[in-house]
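Chemist: Structure: start-v4.pdb, PDB, C-alpha atoms.
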```
ATOM      1  CA  MET A 975       7.017  23.258  -4.541
ATOM      2  CA  ASN A 976      10.703  22.428  -4.574
ATOM      3  CA  GLU A 977      12.351  21.098  -7.694
ATOM      4  CA  PRO A 978      12.202  17.260  -7.774
ATOM      5  CA  MET A 979      15.386  15.587  -6.601
ATOM      6  CA  ASP A 980      17.266  13.125  -8.757
ATOM      7  CA  LYS A 981      16.043   9.934  -7.120
ATOM      8  CA  ILE A 982      17.083   6.441  -8.086
ATOM      9  CA  HIS A 983      14.929   4.636  -5.519
ATOM     10  CA  PRO A 984      13.798   1.895  -5.931
ATOM     11  CA  ALA A 985      16.882   0.554  -7.691
ATOM     12  CA  GLN A 986      16.314  -3.207  -7.424
ATOM     13  CA  ILE A 987      12.810  -4.372  -8.366
ATOM     14  CA  LEU A 988      11.237  -7.814  -8.575
ATOM     15  CA  LEU A 989       8.277  -7.992 -10.975
ATOM     16  CA  GLY A 990       5.787 -10.861 -10.806
ATOM     17  CA  VAL A 991       4.588 -11.955 -14.252
ATOM     18  CA  ASP A 992       1.806 -14.269 -15.415
ATOM     19  CA  GLY A 993       0.592 -12.690 -18.656
ATOM     20  CA  SER A 994      -2.644 -11.323 -17.183
ATOM     21  CA  ASP A 995      -3.744  -7.718 -17.674
ATOM     22  CA  GLN A 996      -2.946  -7.051 -14.024
ATOM     23  CA  SER A 997       0.658  -8.177 -14.262
ATOM     24  CA  LEU A 998       1.157  -6.265 -17.513
ATOM     25  CA  VAL A 999      -0.042  -3.119 -15.725
ATOM     26  CA  GLY A1000       3.056  -3.503 -13.579
ATOM     27  CA  VAL A1001       5.190  -3.020 -16.666
ATOM     28  CA  SER A1002       3.300   0.134 -17.662
ATOM     29  CA  LEU A1003       3.506   1.551 -14.158
ATOM     30  CA  LEU A1004       7.233   0.902 -13.863
ATOM     31  CA  ARG A1005       7.853   2.670 -17.145
ATOM     32  CA  GLU A1006       6.284   5.788 -15.574
ATOM     33  CA  LEU A1007       9.026   6.001 -12.941
ATOM     34  CA  PRO A1008      11.912   8.361 -13.769
ATOM     35  CA  CYS A1009      14.354   5.999 -12.015
ATOM     36  CA  VAL A1010      13.608   3.023 -14.277
ATOM     37  CA  PRO A1011      16.408   3.741 -16.809
ATOM     38  CA  ARG A1012      18.827   3.160 -13.909
ATOM     39  CA  CYS A1013      16.938   0.272 -12.307
ATOM     40  CA  ARG A1014      17.679  -3.423 -12.192
ATOM     41  CA  ILE A1015      14.448  -5.336 -12.788
ATOM     42  CA  HIS A1016      14.149  -9.055 -12.214
ATOM     43  CA  ALA A1017      10.986 -10.367 -13.886
ATOM     44  CA  ILE A1018       9.872 -13.706 -12.492
ATOM     45  CA  THR A1019       7.106 -16.163 -13.267
ATOM     46  CA  VAL A1020       6.318 -19.298 -11.305
ATOM     47  CA  TRP A1021       5.208 -22.591 -12.828
ATOM     48  CA  ASN A1022       3.462 -25.197 -10.691
ATOM     49  CA  GLY A1023       5.371 -28.009 -12.397
ATOM     50  CA  ARG A1024       2.330 -29.749 -13.848
ATOM     51  CA  SER A1025       1.419 -28.853 -17.432
ATOM     52  CA  PRO A1026       4.136 -28.324 -20.075
ATOM     53  CA  VAL A1027       1.603 -26.231 -22.001
ATOM     54  CA  ASP A1028       1.258 -23.849 -19.057
ATOM     55  CA  ARG A1029       5.019 -23.676 -18.811
ATOM     56  CA  ALA A1030       5.259 -22.621 -22.438
ATOM     57  CA  ARG A1031       2.585 -19.954 -21.942
ATOM     58  CA  LEU A1032       4.300 -18.576 -18.874
ATOM     59  CA  GLN A1033       7.600 -18.452 -20.739
ATOM     60  CA  ALA A1034       5.895 -16.517 -23.546
ATOM     61  CA  ALA A1035       4.444 -14.039 -21.049
ATOM     62  CA  LEU A1036       7.859 -13.613 -19.452
ATOM     63  CA  ASP A1037       9.498 -13.030 -22.831
ATOM     64  CA  GLU A1038       6.873 -10.392 -23.654
ATOM     65  CA  VAL A1039       7.535  -8.492 -20.431
ATOM     66  CA  ARG A1040      11.291  -8.694 -20.916
ATOM     67  CA  ASP A1041      10.954  -7.273 -24.441
ATOM     68  CA  LYS A1042       8.727  -4.425 -23.193
ATOM     69  CA  LEU A1043      11.251  -3.470 -20.515
ATOM     70  CA  ARG A1044      14.432  -4.067 -22.504
ATOM     71  CA  GLY A1045      16.130  -0.839 -23.508
ATOM     72  CA  GLY A1046      14.343   1.145 -20.808
ATOM     73  CA  CYS A1047      16.257  -0.173 -17.780
ATOM     74  CA  ALA A1048      19.852  -0.510 -16.747
ATOM     75  CA  GLU A1049      19.403  -4.273 -16.405
ATOM     76  CA  VAL A1050      16.530  -6.651 -17.078
ATOM     77  CA  HIS A1051      16.621 -10.304 -16.088
ATOM     78  CA  ALA A1052      13.858 -12.845 -16.645
ATOM     79  CA  GLU A1053      13.478 -16.113 -14.773
ATOM     80  CA  LEU A1054      10.967 -18.954 -14.871
ATOM     81  CA  CYS A1055      10.855 -20.754 -11.524
ATOM     82  CA  GLN A1056       8.967 -23.742 -10.195
ATOM     83  CA  GLY A1057       7.123 -23.980  -6.894
ATOM     84  CA  HIS A1058       4.572 -22.056  -4.842
ATOM     85  CA  ALA A1059       4.179 -18.572  -6.310
ATOM     86  CA  ALA A1060       4.134 -16.467  -3.129
ATOM     87  CA  GLU A1061       6.933 -18.442  -1.505
ATOM     88  CA  VAL A1062       9.180 -18.194  -4.563
ATOM     89  CA  ILE A1063       8.533 -14.469  -5.012
ATOM     90  CA  VAL A1064       9.212 -13.616  -1.374
ATOM     91  CA  ARG A1065      12.312 -15.810  -1.167
ATOM     92  CA  THR A1066      13.761 -14.428  -4.397
ATOM     93  CA  ALA A1067      13.142 -10.836  -3.326
ATOM     94  CA  THR A1068      14.837 -11.504   0.015
ATOM     95  CA  ASP A1069      17.828 -13.222  -1.569
ATOM     96  CA  MET A1070      18.235 -10.346  -4.028
ATOM     97  CA  ASP A1071      17.740  -7.686  -1.334
ATOM     98  CA  CYS A1072      15.091  -5.996  -3.483
ATOM     99  CA  ASP A1073      13.806  -2.478  -2.784
ATOM    100  CA  LEU A1074      10.361  -3.269  -4.197
ATOM    101  CA  ILE A1075       8.157  -6.162  -5.283
ATOM    102  CA  VAL A1076       5.536  -5.493  -7.961
ATOM    103  CA  VAL A1077       2.644  -7.947  -8.338
ATOM    104  CA  GLY A1078      -0.775  -7.883  -9.943
ATOM    105  CA  ALA A1079      -3.847  -7.713  -7.720
ATOM    106  CA  LYS A1080      -5.360 -10.643  -9.606
ATOM    107  CA  GLY A1081      -3.779 -13.177 -11.903
ATOM    108  CA  LEU A1082      -5.175 -15.427 -14.577
ATOM    109  CA  ARG A1083      -8.116 -17.498 -13.393
ATOM    110  CA  SER A1084      -6.654 -20.809 -14.483
ATOM    111  CA  THR A1085      -3.881 -23.195 -13.585
ATOM    112  CA  LEU A1086      -1.636 -20.824 -15.540
ATOM    113  CA  GLY A1087      -2.039 -17.974 -13.057
ATOM    114  CA  ILE A1088       0.827 -16.913 -10.836
ATOM    115  CA  LEU A1089      -1.350 -14.807  -8.545
ATOM    116  CA  LEU A1090      -4.255 -17.109  -7.798
ATOM    117  CA  GLY A1091      -5.860 -17.729  -4.433
ATOM    118  CA  GLY A1092      -4.664 -14.594  -2.679
ATOM    119  CA  VAL A1093      -1.040 -14.944  -3.702
ATOM    120  CA  ALA A1094      -0.711 -11.162  -3.978
ATOM    121  CA  GLN A1095      -2.005 -10.851  -0.411
ATOM    122  CA  GLN A1096       0.429 -13.521   0.754
ATOM    123  CA  VAL A1097       3.313 -11.665  -0.854
ATOM    124  CA  VAL A1098       2.273  -8.433   0.867
ATOM    125  CA  GLU A1099       2.061 -10.085   4.256
ATOM    126  CA  HIS A1100       5.273 -12.107   4.075
ATOM    127  CA  ALA A1101       7.655  -9.924   2.061
ATOM    128  CA  ARG A1102      10.367  -8.036   3.913
ATOM    129  CA  CYS A1103      10.425  -5.148   1.452
ATOM    130  CA  PRO A1104       7.661  -2.838   0.169
ATOM    131  CA  VAL A1105       5.107  -4.438  -2.158
ATOM    132  CA  LEU A1106       3.265  -2.640  -4.932
ATOM    133  CA  VAL A1107      -0.032  -4.334  -5.807
ATOM    134  CA  VAL A1108      -1.070  -3.036  -9.227
ATOM    135  CA  ARG A1109      -4.524  -2.880 -10.758
ATOM    136  CA  ALA A1110      -5.655  -2.299 -14.329
ATOM    137  CA  PRO A1111      -5.994   0.020 -16.069
ATOM    138  CA  SER A1112      -2.758   1.962 -15.851
ATOM    139  CA  VAL A1113      -3.311   5.712 -16.172
ATOM    140  CA  GLY A1114       0.003   7.053 -14.904
ATOM    141  CA  LEU A1115       0.989   8.270 -11.449
ATOM    142  CA  GLY A1116      -0.444  11.758 -11.437
ATOM    143  CA  GLN A1117      -2.109  11.463  -8.024
ATOM    144  CA  VAL A1118      -0.839   9.615  -4.946
ATOM    145  CA  LEU A1119      -2.656   9.273  -1.620
ATOM    146  CA  LEU A1120      -0.447   8.644   1.439
ATOM    147  CA  VAL A1121      -2.245   7.268   4.488
ATOM    148  CA  THR A1122      -0.683   8.044   7.870
ATOM    149  CA  ASP A1123      -1.640   7.522  11.501
ATOM    150  CA  GLY A1124       1.585   8.674  13.119
ATOM    151  CA  SER A1125       2.821   5.141  13.807
ATOM    152  CA  ASP A1126       6.323   3.916  13.050
ATOM    153  CA  SER A1127       4.926   1.943  10.114
ATOM    154  CA  SER A1128       3.226   4.930   8.521
ATOM    155  CA  GLN A1129       6.347   7.025   9.155
ATOM    156  CA  ALA A1130       8.316   4.388   7.246
ATOM    157  CA  ALA A1131       5.790   4.676   4.402
ATOM    158  CA  ALA A1132       6.210   8.462   4.317
ATOM    159  CA  GLU A1133      10.005   8.179   4.264
ATOM    160  CA  TYR A1134       9.875   5.571   1.515
ATOM    161  CA  LEU A1135       7.598   7.811  -0.566
ATOM    162  CA  ALA A1136       9.884  10.795   0.010
ATOM    163  CA  ASN A1137      12.714   8.835  -1.618
ATOM    164  CA  PHE A1138      10.565   7.199  -4.283
ATOM    165  CA  SER A1139      11.158   8.302  -7.866
ATOM    166  CA  LEU A1140       7.832   9.785  -9.021
ATOM    167  CA  PRO A1141       7.036  11.831 -12.135
ATOM    168  CA  ALA A1142       7.601  15.564 -11.582
ATOM    169  CA  GLU A1143       3.905  16.382 -12.024
ATOM    170  CA  THR A1144       2.686  13.955  -9.348
ATOM    171  CA  LYS A1145       0.445  15.434  -6.660
ATOM    172  CA  VAL A1146       0.499  13.843  -3.218
ATOM    173  CA  ARG A1147      -2.187  14.138  -0.570
ATOM    174  CA  VAL A1148      -1.406  13.062   2.978
ATOM    175  CA  CYS A1149      -4.440  11.681   4.760
ATOM    176  CA  ASN A1150      -5.167  10.981   8.416
ATOM    177  CA  VAL A1151      -8.514   9.691   9.658
ATOM    178  CA  VAL A1152      -9.790  10.803  13.051
ATOM    179  CA  PRO A1153     -12.012   8.285  14.854
ATOM    180  CA  PRO A1154     -15.672   9.313  14.924
ATOM    181  CA  GLY A1155     -16.926  11.264  17.877
ATOM    182  CA  ALA A1156     -19.445   9.802  20.310
ATOM    183  CA  LEU A1157     -22.801   9.260  18.604
ATOM    184  CA  PRO A1158     -25.622  11.460  19.947
ATOM    185  CA  GLN A1159     -27.909   8.495  20.685
ATOM    186  CA  PHE A1160     -25.279   7.171  23.082
ATOM    187  CA  THR A1161     -24.496  10.464  24.795
ATOM    188  CA  THR A1162     -27.618  12.649  24.935
ATOM    189  CA  GLY A1163     -30.350  10.184  25.773
ATOM    190  CA  THR A1164     -31.629   9.107  29.167
ATOM    191  CA  TRP A1165     -31.470   5.952  31.225
ATOM    192  CA  PRO A1166     -34.162   4.781  33.660
ATOM    193  CA  VAL A1167     -32.914   4.226  37.203
ATOM    194  CA  GLY A1168     -35.641   2.991  39.497
ATOM    195  CA  HIS A1169     -38.430   5.535  39.276
ATOM    196  CA  GLU A1170     -36.106   8.233  37.888
ATOM    197  CA  VAL A1171     -34.776   9.008  34.432
ATOM    198  CA  VAL A1172     -31.208  10.341  34.357
ATOM    199  CA  PRO A1173     -28.950  11.462  31.449
ATOM    200  CA  ILE A1174     -26.563   8.868  30.055
ATOM    201  CA  LEU A1175     -23.698  11.333  30.408
ATOM    202  CA  SER A1176     -23.435  14.503  32.442
ATOM    203  CA  ASP A1177     -22.752  17.872  30.861
ATOM    204  CA  ARG A1178     -19.207  17.682  32.226
ATOM    205  CA  GLU A1179     -18.624  14.272  30.655
ATOM    206  CA  LEU A1180     -20.032  15.474  27.329
ATOM    207  CA  ALA A1181     -17.730  18.493  27.416
ATOM    208  CA  GLU A1182     -14.734  16.246  28.131
ATOM    209  CA  LEU A1183     -15.620  14.011  25.183
ATOM    210  CA  ASP A1184     -15.893  17.027  22.881
ATOM    211  CA  GLU A1185     -12.562  18.327  24.158
ATOM    212  CA  MET A1186     -10.866  14.969  23.566
ATOM    213  CA  HIS A1187     -12.277  14.737  20.055
ATOM    214  CA  GLU A1188     -11.151  18.258  19.207
ATOM    215  CA  GLU A1189      -7.665  17.426  20.482
ATOM    216  CA  GLU A1190      -7.619  14.418  18.136
ATOM    217  CA  ARG A1191      -8.466  16.747  15.240
ATOM    218  CA  VAL A1192      -5.697  19.151  16.255
ATOM    219  CA  GLN A1193      -3.144  16.343  16.417
ATOM    220  CA  ALA A1194      -4.332  14.982  13.060
ATOM    221  CA  ARG A1195      -3.924  18.375  11.383
ATOM    222  CA  LYS A1196      -0.462  18.692  12.910
ATOM    223  CA  LEU A1197       0.514  15.221  11.674
ATOM    224  CA  VAL A1198      -0.576  15.742   8.057
ATOM    225  CA  THR A1199       1.012  19.213   7.995
ATOM    226  CA  GLU A1200       4.358  17.922   9.256
ATOM    227  CA  THR A1201       4.290  14.956   6.886
ATOM    228  CA  SER A1202       3.319  16.982   3.823
ATOM    229  CA  THR A1203       5.972  19.585   4.693
ATOM    230  CA  ALA A1204       8.625  16.848   4.821
ATOM    231  CA  LEU A1205       7.470  15.517   1.449
ATOM    232  CA  CYS A1206       7.616  19.000  -0.058
ATOM    233  CA  ALA A1207      11.169  19.335   1.247
ATOM    234  CA  ALA A1208      11.942  16.108  -0.624
ATOM    235  CA  GLY A1209      10.711  17.688  -3.860
ATOM    236  CA  LEU A1210       7.115  16.460  -3.954
ATOM    237  CA  ASP A1211       3.948  18.500  -4.412
ATOM    238  CA  ALA A1212       2.133  17.512  -1.218
ATOM    239  CA  GLU A1213      -0.739  18.741   0.920
ATOM    240  CA  GLY A1214      -2.609  17.292   3.894
ATOM    241  CA  LEU A1215      -6.214  16.496   4.703
ATOM    242  CA  VAL A1216      -8.078  15.104   7.705
ATOM    243  CA  LEU A1217     -11.055  12.789   7.446
ATOM    244  CA  GLU A1218     -13.334  11.496  10.195
ATOM    245  CA  GLY A1219     -14.898   8.079  10.699
ATOM    246  CA  ASP A1220     -13.808   4.481  10.177
ATOM    247  CA  ALA A1221     -10.310   4.661   8.693
ATOM    248  CA  ALA A1222     -10.571   2.189   5.802
ATOM    249  CA  THR A1223     -14.114   3.249   4.916
ATOM    250  CA  GLU A1224     -13.268   6.940   4.752
ATOM    251  CA  ILE A1225     -10.029   6.397   2.827
ATOM    252  CA  LEU A1226     -11.815   4.301   0.208
ATOM    253  CA  ARG A1227     -14.672   6.812   0.024
ATOM    254  CA  TYR A1228     -12.247   9.687  -0.485
ATOM    255  CA  ALA A1229     -10.335   7.672  -3.098
ATOM    256  CA  ARG A1230     -13.557   7.263  -5.075
ATOM    257  CA  ARG A1231     -13.902  11.068  -5.136
ATOM    258  CA  TRP A1232     -10.276  12.084  -5.778
ATOM    259  CA  HIS A1233      -9.297   9.088  -7.975
ATOM    260  CA  PRO A1234      -5.671   8.549  -6.921
ATOM    261  CA  ASN A1235      -3.540   6.309  -9.122
ATOM    262  CA  LEU A1236      -1.738   4.951  -6.065
ATOM    263  CA  ILE A1237      -2.447   4.617  -2.348
ATOM    264  CA  VAL A1238       0.573   4.299  -0.052
ATOM    265  CA  ALA A1239       0.217   2.844   3.443
ATOM    266  CA  GLY A1240       2.323   1.282   6.153
ATOM    267  CA  SER A1241       1.698  -2.097   7.711
ATOM    268  CA  ARG A1242       2.442  -3.853  10.935
ATOM    269  CA  GLY A1243       3.636  -7.440  11.068
ATOM    270  CA  LEU A1244       4.620 -10.230  13.404
ATOM    271  CA  SER A1245       7.605 -12.511  13.072
ATOM    272  CA  GLU A1246       7.362 -15.612  10.934
ATOM    273  CA  ILE A1247       7.385 -17.785  14.067
ATOM    274  CA  LYS A1248       4.362 -16.077  15.594
ATOM    275  CA  GLY A1249       2.515 -15.723  12.312
ATOM    276  CA  TRP A1250       2.209 -12.693  10.071
ATOM    277  CA  TRP A1251      -0.437 -10.036  10.548
ATOM    278  CA  MET A1252      -0.996  -6.964   8.446
ATOM    279  CA  GLY A1253      -2.825  -3.943   9.819
ATOM    280  CA  SER A1254      -6.518  -4.207   9.050
ATOM    281  CA  VAL A1255      -6.565  -0.845   7.246
ATOM    282  CA  SER A1256      -3.748  -1.829   4.896
ATOM    283  CA  ARG A1257      -5.382  -5.198   4.264
ATOM    284  CA  LYS A1258      -8.721  -3.574   3.407
ATOM    285  CA  LEU A1259      -7.013  -1.142   1.052
ATOM    286  CA  VAL A1260      -5.190  -3.953  -0.763
ATOM    287  CA  ASN A1261      -8.422  -5.917  -1.119
ATOM    288  CA  ALA A1262     -10.937  -3.144  -1.836
ATOM    289  CA  ALA A1263      -9.153  -0.198  -3.478
ATOM    290  CA  THR A1264      -9.808   0.307  -7.185
ATOM    291  CA  CYS A1265      -6.293   1.657  -7.780
ATOM    292  CA  SER A1266      -2.805   0.321  -7.116
ATOM    293  CA  VAL A1267      -1.649   0.087  -3.489
ATOM    294  CA  LEU A1268       1.909   0.304  -2.139
ATOM    295  CA  VAL A1269       2.400  -1.314   1.275
ATOM    296  CA  VAL A1270       5.553  -0.395   3.195
ATOM    297  CA  LYS A1271       6.942  -2.116   6.279
ATOM    298  CA  ARG A1272       9.472  -0.807   8.715
ATOM    299  CA  ALA A1273      13.047  -1.928   8.097
ATOM    300  CA  GLY A1274      13.656  -5.214   9.878
ATOM    301  CA  GLU A1275      10.018  -5.572  10.835
ATOM    302  CA  ALA A1276       9.977  -9.250   9.952
ATOM    303  CA  ASP A1277      12.604  -9.927  12.619
ATOM    304  CA  GLN A1278      10.832  -8.059  15.394
ATOM    305  CA  GLN A1279       8.468  -9.255  18.104
TER
END
```
Translate the structure described by the file into structure tokens.
Modeler:
Amino acid sequence: MNEPMDKIHPAQILLGVDGSDQSLVGVSLLRELPCVPRCRIHAITVWNGRSPVDRARLQAALDEVRDKLRGGCAEVHAELCQGHAAEVIVRTATDMDCDLIVVGAKGLRSTLGILLGGVAQQVVEHARCPVLVVRAPSVGLGQVLLVTDGSDSSQAAAEYLANFSLPAETKVRVCNVVPPGALPQFTTGTWPVGHEVVPILSDRELAELDEMHEEERVQARKLVTETSTALCAAGLDAEGLVLEGDAATEILRYARRWHPNLIVAGSRGLSEIKGWWMGSVSRKLVNAATCSVLVVKRAGEADQQ
């Protein structure tokens, strides 16, 4: 492995705060990043404008986060805003030209919570910069799983990770999932035609299917090798693996075995006018993974299509 490069990315971070365990995990995770002493972190909490008691509690949570980060970063700013949580977070991150948004997967289950009702999901889908959805407990960043399918979005995720400031001991695995081959019951059975019974597929057709599936495996191995090689060149300890089956299912199953601290994936989106859409795999990972998930969009993706 190459020696880790001196990376300062991300340099401008917006941290969503509500006092829950999930949002506090964001603080712990950020403190693991070597770049944090040179980062500018803007901690933000959003009040719905109703209860003064809730406002006081949110302010206390914000003060706690600011105190935990103070002294460890180049700059720390704390702000209590009023409005709709996801809208305020996304707008603030855009105005500040942030490199990363950090939010908890789940907020407090009360009117106090900043991340109620899928707010974290809304931030992921509408933000124009990468979003890190954190989950408790925080156990460092020793293992990172990068999901790639060769698309522009997953290439953007790989490039973002290559420039991301990770601890020197972090191990990265690059994963691609090959679609499942044709099931035997649909390829080797028979079909009645009049008074005759004929095979569903001919031997030639079966051979072509096998050849196509093997080519998919070859391309998958090539993709993870090229991606892991690029990450190693950037100073990361990376290796590739190929899984087979339904993408989200196999990624989550592998994550339960390997126990990554972070899954990194790309997403695809539509413009605000047409309505946002995040790739189904990324959405499933955000909703179902037991670890933190970093979702990366291509630069300018929100303005495309």
Chemist: Tell me, as an MDAnalysis selection string, which residues lie within 7 Å of segment 1186-1202 of chain A, counting all atoms listed in the file; anything in the same chain fewer than 4 positions away does not count.
Modeler: chainID A and resid 1124 1148:1150 1152 1155 1182 1206 1212:1216
Chemist: Could you save those same residues with C-alpha atoms as a compact mmCIF listing (two decimals), in the frame of the given file?
Modeler:
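So part_18.txt came out as:
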```
# COMPACT_ATOMS: atom_id res chain seq x y z
CA GLY A 1124 1.58 8.67 13.12
CA VAL A 1148 -1.41 13.06 2.98
CA CYS A 1149 -4.44 11.68 4.76
CA ASN A 1150 -5.17 10.98 8.42
CA VAL A 1152 -9.79 10.80 13.05
CA GLY A 1155 -16.93 11.26 17.88
CA GLU A 1182 -14.73 16.25 28.13
CA CYS A 1206 7.62 19.00 -0.06
CA ALA A 1212 2.13 17.51 -1.22
CA GLU A 1213 -0.74 18.74 0.92
CA GLY A 1214 -2.61 17.29 3.89
CA LEU A 1215 -6.21 16.50 4.70
CA VAL A 1216 -8.08 15.10 7.70
```
Chemist: So which residues are close to (12.8, 7.0, -4.7), meaning at most 6 Å away in the file's coordinates with only C-alpha atoms counted, and can you show them as a PyMOL selection string?
Modeler: chain A and resi 981-984+1137-1139
Chemist: Filtering to C-alpha atoms, could you give me those residues as a PDB file, keeping the file's coordinate frame?
Modeler:
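Once written, selection_27.pdb looks like this:
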```
ATOM      1  CA  LYS A 981      16.043   9.934  -7.120  1.00  0.00           C
ATOM      2  CA  ILE A 982      17.083   6.441  -8.086  1.00  0.00           C
ATOM      3  CA  HIS A 983      14.929   4.636  -5.519  1.00  0.00           C
ATOM      4  CA  PRO A 984      13.798   1.895  -5.931  1.00  0.00           C
ATOM      5  CA  ASN A1137      12.714   8.835  -1.618  1.00  0.00           C
ATOM      6  CA  PHE A1138      10.565   7.199  -4.283  1.00  0.00           C
ATOM      7  CA  SER A1139      11.158   8.302  -7.866  1.00  0.00           C
TER       8      SER A1139
END
```
Chemist: Rounded to one decimal in Å, what is the spacing between atom CA of Ala1067 of chain A and atom CA of Val1098 of chain A?
Modeler: 11.9 Å
Chemist: Identify, on the basis of only C-alpha atoms, every residue whose closest approach to segment 1050-1066 of chain A does not exceed 10 Å; exclude the query and any residue fewer than 2 positions from it along the same chain; express the result as a PyMOL selection string.
Modeler: chain A and resi 987-991+1013-1024+1029+1032-1033+1036-1037+1039-1041+1043-1048+1068-1072+1075-1077+1087-1090+1092-1103
Chemist: Let me know the residues the PyMOL selection byres ((chain A and resi 1107) around 6) catches in the file above, as number ranges by chain.
Modeler: A: 1077-1079, 1106, 1108, 1266-1267
Chemist: Using all atoms listed in the file, pick whichever of A:Leu1210, A:Val1151, A:Leu1268, A:Ala1110 has the shortest atom-to-atom distance to Val999 of chain A.
Modeler: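 Among the listed residues, the smallest separation from Val999 of chain A belongs to A:Ala1110.
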Chemist: Counting only C-alpha atoms, which residue out of A:Leu1135, A:Gly993, A:Ser1241, A:Arg1005 sits closest to Ala1204 of chain A?
Modeler: A:Leu1135
Chemist: Which is closer to Ala1030 of chain A than all the others in A:Leu1120, A:Pro1141, A:Ser1112, A:Asp992, using all atoms listed in the file?
Modeler: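 Of all the options, A:Asp992 lies closest to Ala1030 of chain A.
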Chemist: Applied to the shown file, which residues does the PyMOL selection byres ((chain A and resi 1115) around 8) return, written as a ChimeraX atom specification?
Modeler: /A:1003,1006,1113-1114,1116-1118,1140-1141,1144,1235-1236
Chemist: Would you mind reading off the distance between atom CA of Glu1049 of chain A and atom CA of Ser997 of chain A, one decimal, in Å?
Modeler: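 One can read the atom CA of Glu1049 of chain A to atom CA of Ser997 of chain A distance as 19.3 Å.
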Chemist: With distances taken over only C-alpha atoms, which residue among A:Ala1221, A:Asp1073, A:Leu1226, A:Ala1130 lies nearest Val1270 of chain A?
Modeler: A:Ala1130
Chemist: Specify the axis-aligned box that encloses all atoms of segment 1213-1232 of chain A listed in the file after padding of 8 Å on each side, stating its centre and edge lengths in Å to one decimal as AutoDock Vina command-line options.
Modeler:
```
--center_x -7.8 --center_y 10.5 --center_z 2.5 --size_x 30.2 --size_y 32.6 --size_z 32.5
```
Chemist: Work out how far apart atom CA of Gly1000 of chain A and atom CA of Glu1224 of chain A are and give it in Å to one decimal.
Modeler: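 Taking atom CA of Gly1000 of chain A as the start and atom CA of Glu1224 of chain A as the end point, the length is 26.7 Å.
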Chemist: Name the residues captured by the PyMOL selection byres ((chain A and resi 1153) around 6) when it is applied to the shown file; answer as a VMD selection string.
Modeler: chain A and resid 1152 1154 1218 to 1219
Chemist: Restricting the calculation to all atoms listed in the file, which member of A:Thr1264, A:Ser1127, A:Gly1209, A:Arg1257 is positioned closest to Arg1230 of chain A?
Modeler: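 Of all the options, A:Thr1264 lies closest to Arg1230 of chain A.
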